[in-house]
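Note sheet for the following structure.
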Amino acid sequence: MMNTKKLLCGLMAVSMLTAGLTACGPKKTASSTGENIVEQTTPEGNTVYDVKLDERDQETSHQYGEEDLGFVDTQTGKKVYLGMTAQEVEEVTGAAASSMVGGYQVYDGIVVQYSDENVAVSMIVAEGNMTDPGFTTRYATARGVKLGMVMEDFKKTYGDEVDIPEDQNAEGEEGIAKSSTATRYIVKNGKKLEYIGTNLTKENRPEETANLYLQDFLFNNESQSVTSMRISTYDAIYGA
């Protein structure tokens, strides 16, 4: 009887430990499972996809996963990620409409920068890079943020850390600058992504930048809406 009790106690302890470890892992969110990508049918009978806003609490707004390293194509429901080859990207985007210096390829609704190894290292969705105004909202972040979305909705999923700089006119009077930014720095370790802040400091900057990423957004302060979105490796912007 005593051995049986010891065995039961041991099993209970293991069970409790396993449950505790599971609870410490990342929480499931709508964008991490893809549940916020909803299939829809247009009046013409075509299938498109809407990426619903993944509203998060303070804790999960800073929780990042592989899905955050790219964009969702609302025409196909498929995703493009950093680390994809040009061929893999173009299976989703279609052929590039034009090229730019620096390894940039301009597609319908998104600009992708490739490394010398032909791997995507930066992706930009911006109003000024559209070959056709109709593609403005073709790509959304995995959390459902699109061009034109108001800042308050952006904050519901990425948190309220937004830099709204002050502008100063010739008379020295302070006002609000026309644009605001929101930057998030992320470190990748294997498949685990860790948010490290909105700025790089001596304390949080990793010694090696090969696995350092940044996600940034630009807002028009007059309309309070998103005008540009980018996810990039740190080295693609600042060099190794």
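As shown in the structure tokens, the chain order sets the letters A, B, ...; within each chain, residues go from 1, and ligands are also counted from 1 in the order they appear.
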Quiz item: Just asking: which residues within region 22-132 of chain A are strand (DSSP E or B) according to DSSP, as a PyMOL selection string?
Solution: chain A and resi 37-41+47-51+70-73+79-81+85+98-100+104-107+110-114+119-126
Exercise. Mind listing the helix (DSSP H, G or I) residues of region 26-232 of chain A, per DSSP on the backbone, as a ChimeraX atom specification?
Key: /A:30-33,60-62,66-68,86-93,127-129,133-135,151-158
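Distance-wise, CA of Lys188 (chain A) and CA of Val226 (chain A) end up 25.9 Å apart.
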Practice problem: Find the residue from A:Ile124, A:Val112, A:Ala140, A:Met100 that sits nearest to Ile37 (chain A); use only C-alpha atoms when measuring. | Solution: A:Ala140
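Nearest residue to Ala236 (chain A) among A:Thr183, A:Thr157, A:Ser115, A:Asn189 is A:Ser115, counting only C-alpha atoms.
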Leaving out Leu82 (chain A) and any residue of its chain fewer than 4 positions from it, which residues lie within 7 Å of it when counting only C-alpha atoms, given as a PDB file with all heavy atoms, in the first residue's frame?
ATOM      1  N   LEU A  69       7.185  37.490 -38.655  1.00  0.00           N
ATOM      2  CA  LEU A  69       8.320  37.813 -39.519  1.00  0.00           C
ATOM      3  C   LEU A  69       7.912  37.871 -40.991  1.00  0.00           C
ATOM      4  O   LEU A  69       8.683  37.482 -41.878  1.00  0.00           O
ATOM      5  CB  LEU A  69       9.444  36.785 -39.332  1.00  0.00           C
ATOM      6  CG  LEU A  69      10.057  36.712 -37.938  1.00  0.00           C
ATOM      7  CD1 LEU A  69      11.186  35.700 -37.912  1.00  0.00           C
ATOM      8  CD2 LEU A  69      10.558  38.083 -37.486  1.00  0.00           C
ATOM      9  N   GLY A  70       6.712  38.347 -41.279  1.00  0.00           N
ATOM     10  CA  GLY A  70       6.269  38.446 -42.660  1.00  0.00           C
ATOM     11  C   GLY A  70       4.900  39.086 -42.758  1.00  0.00           C
ATOM     12  O   GLY A  70       4.441  39.756 -41.834  1.00  0.00           O
ATOM     13  N   ALA A 120      15.021  36.557 -48.838  1.00  0.00           N
ATOM     14  CA  ALA A 120      14.345  37.776 -48.386  1.00  0.00           C
ATOM     15  C   ALA A 120      14.871  38.210 -47.020  1.00  0.00           C
ATOM     16  O   ALA A 120      14.830  37.449 -46.056  1.00  0.00           O
ATOM     17  CB  ALA A 120      12.841  37.546 -48.315  1.00  0.00           C
ATOM     18  N   VAL A 121      15.349  39.465 -46.943  1.00  0.00           N
ATOM     19  CA  VAL A 121      15.892  39.993 -45.690  1.00  0.00           C
ATOM     20  C   VAL A 121      15.120  41.222 -45.206  1.00  0.00           C
ATOM     21  O   VAL A 121      15.309  41.679 -44.078  1.00  0.00           O
ATOM     22  CB  VAL A 121      17.388  40.346 -45.827  1.00  0.00           C
ATOM     23  CG1 VAL A 121      18.215  39.092 -45.984  1.00  0.00           C
ATOM     24  CG2 VAL A 121      17.629  41.311 -46.983  1.00  0.00           C
ATOM     25  N   SER A 122      14.248  41.755 -46.047  1.00  0.00           N
ATOM     26  CA  SER A 122      13.442  42.903 -45.650  1.00  0.00           C
ATOM     27  C   SER A 122      12.180  42.943 -46.502  1.00  0.00           C
ATOM     28  O   SER A 122      12.226  42.647 -47.702  1.00  0.00           O
ATOM     29  CB  SER A 122      14.230  44.209 -45.820  1.00  0.00           C
ATOM     30  OG  SER A 122      13.511  45.316 -45.319  1.00  0.00           O
TER      31      SER A 122
END
Which polymer residues have any atom within 9 Å of an atom of Asp50 (chain A), counting only C-alpha atoms, with same-chain residues fewer than 5 positions away left out, as a JSON list (two decimals) with N, CA, C and O atoms, in the first residue's frame?
[["chain", "number", "residue", "atom", "x", "y", "z"],
["A", 36, "ASN", "N", -7.36, 34.16, -37.25],
["A", 36, "ASN", "CA", -7.88, 35.48, -37.65],
["A", 36, "ASN", "C", -7.84, 35.70, -39.16],
["A", 36, "ASN", "O", -8.20, 36.77, -39.64],
["A", 37, "ILE", "N", -7.41, 34.69, -39.92],
["A", 37, "ILE", "CA", -7.44, 34.77, -41.39],
["A", 37, "ILE", "C", -8.74, 34.12, -41.86],
["A", 37, "ILE", "O", -8.91, 32.91, -41.77],
["A", 38, "VAL", "N", -9.67, 34.95, -42.33],
["A", 38, "VAL", "CA", -11.03, 34.50, -42.61],
["A", 38, "VAL", "C", -11.31, 34.54, -44.10],
["A", 38, "VAL", "O", -11.12, 35.57, -44.76],
["A", 39, "GLU", "N", -11.76, 33.41, -44.62],
["A", 39, "GLU", "CA", -12.10, 33.33, -46.06],
["A", 39, "GLU", "C", -13.42, 34.05, -46.32],
["A", 39, "GLU", "O", -14.38, 33.90, -45.56],
["A", 40, "GLN", "N", -13.45, 34.82, -47.39],
["A", 40, "GLN", "CA", -14.66, 35.55, -47.77],
["A", 40, "GLN", "C", -14.90, 35.41, -49.26],
["A", 40, "GLN", "O", -13.99, 35.11, -50.03],
["A", 74, "THR", "N", -3.84, 38.92, -48.72],
["A", 74, "THR", "CA", -5.29, 38.78, -48.58],
["A", 74, "THR", "C", -5.95, 38.24, -49.85],
["A", 74, "THR", "O", -7.13, 37.88, -49.82],
["A", 75, "GLN", "N", -5.22, 38.18, -50.95],
["A", 75, "GLN", "CA", -5.79, 37.59, -52.17],
["A", 75, "GLN", "C", -5.78, 36.07, -52.14],
["A", 75, "GLN", "O", -6.66, 35.42, -52.68],
["A", 77, "GLY", "N", -4.53, 34.26, -49.04],
["A", 77, "GLY", "CA", -4.49, 33.74, -47.68],
["A", 77, "GLY", "C", -3.14, 33.16, -47.30],
["A", 77, "GLY", "O", -2.95, 32.69, -46.18],
["A", 140, "ALA", "N", -1.26, 42.37, -45.18],
["A", 140, "ALA", "CA", -1.48, 42.75, -43.79],
["A", 140, "ALA", "C", -0.48, 42.02, -42.92],
["A", 140, "ALA", "O", 0.06, 40.98, -43.30],
["A", 144, "GLY", "N", -3.14, 41.49, -38.31],
["A", 144, "GLY", "CA", -4.26, 42.17, -38.93],
["A", 144, "GLY", "C", -4.11, 43.66, -39.14],
["A", 144, "GLY", "O", -5.09, 44.34, -39.45]]
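Reported to one decimal place, the separation of CA of Val111 (chain A) from CA of Met123 (chain A) is 5.7 Å.
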Exercise. Rounded to one decimal place, report the CA of Ala95 (chain A)-CA of Asp108 (chain A) distance in Å.
Key: 8.7 Å
Quiz prompt | Selection: 7 Å around Ser225 (chain A), only C-alpha atoms, excl. self and same-chain fewer than 5 positions, as a list in words | solution = Gly148, Met149, Val150, Met151, Phe219 and Asn220 of chain A
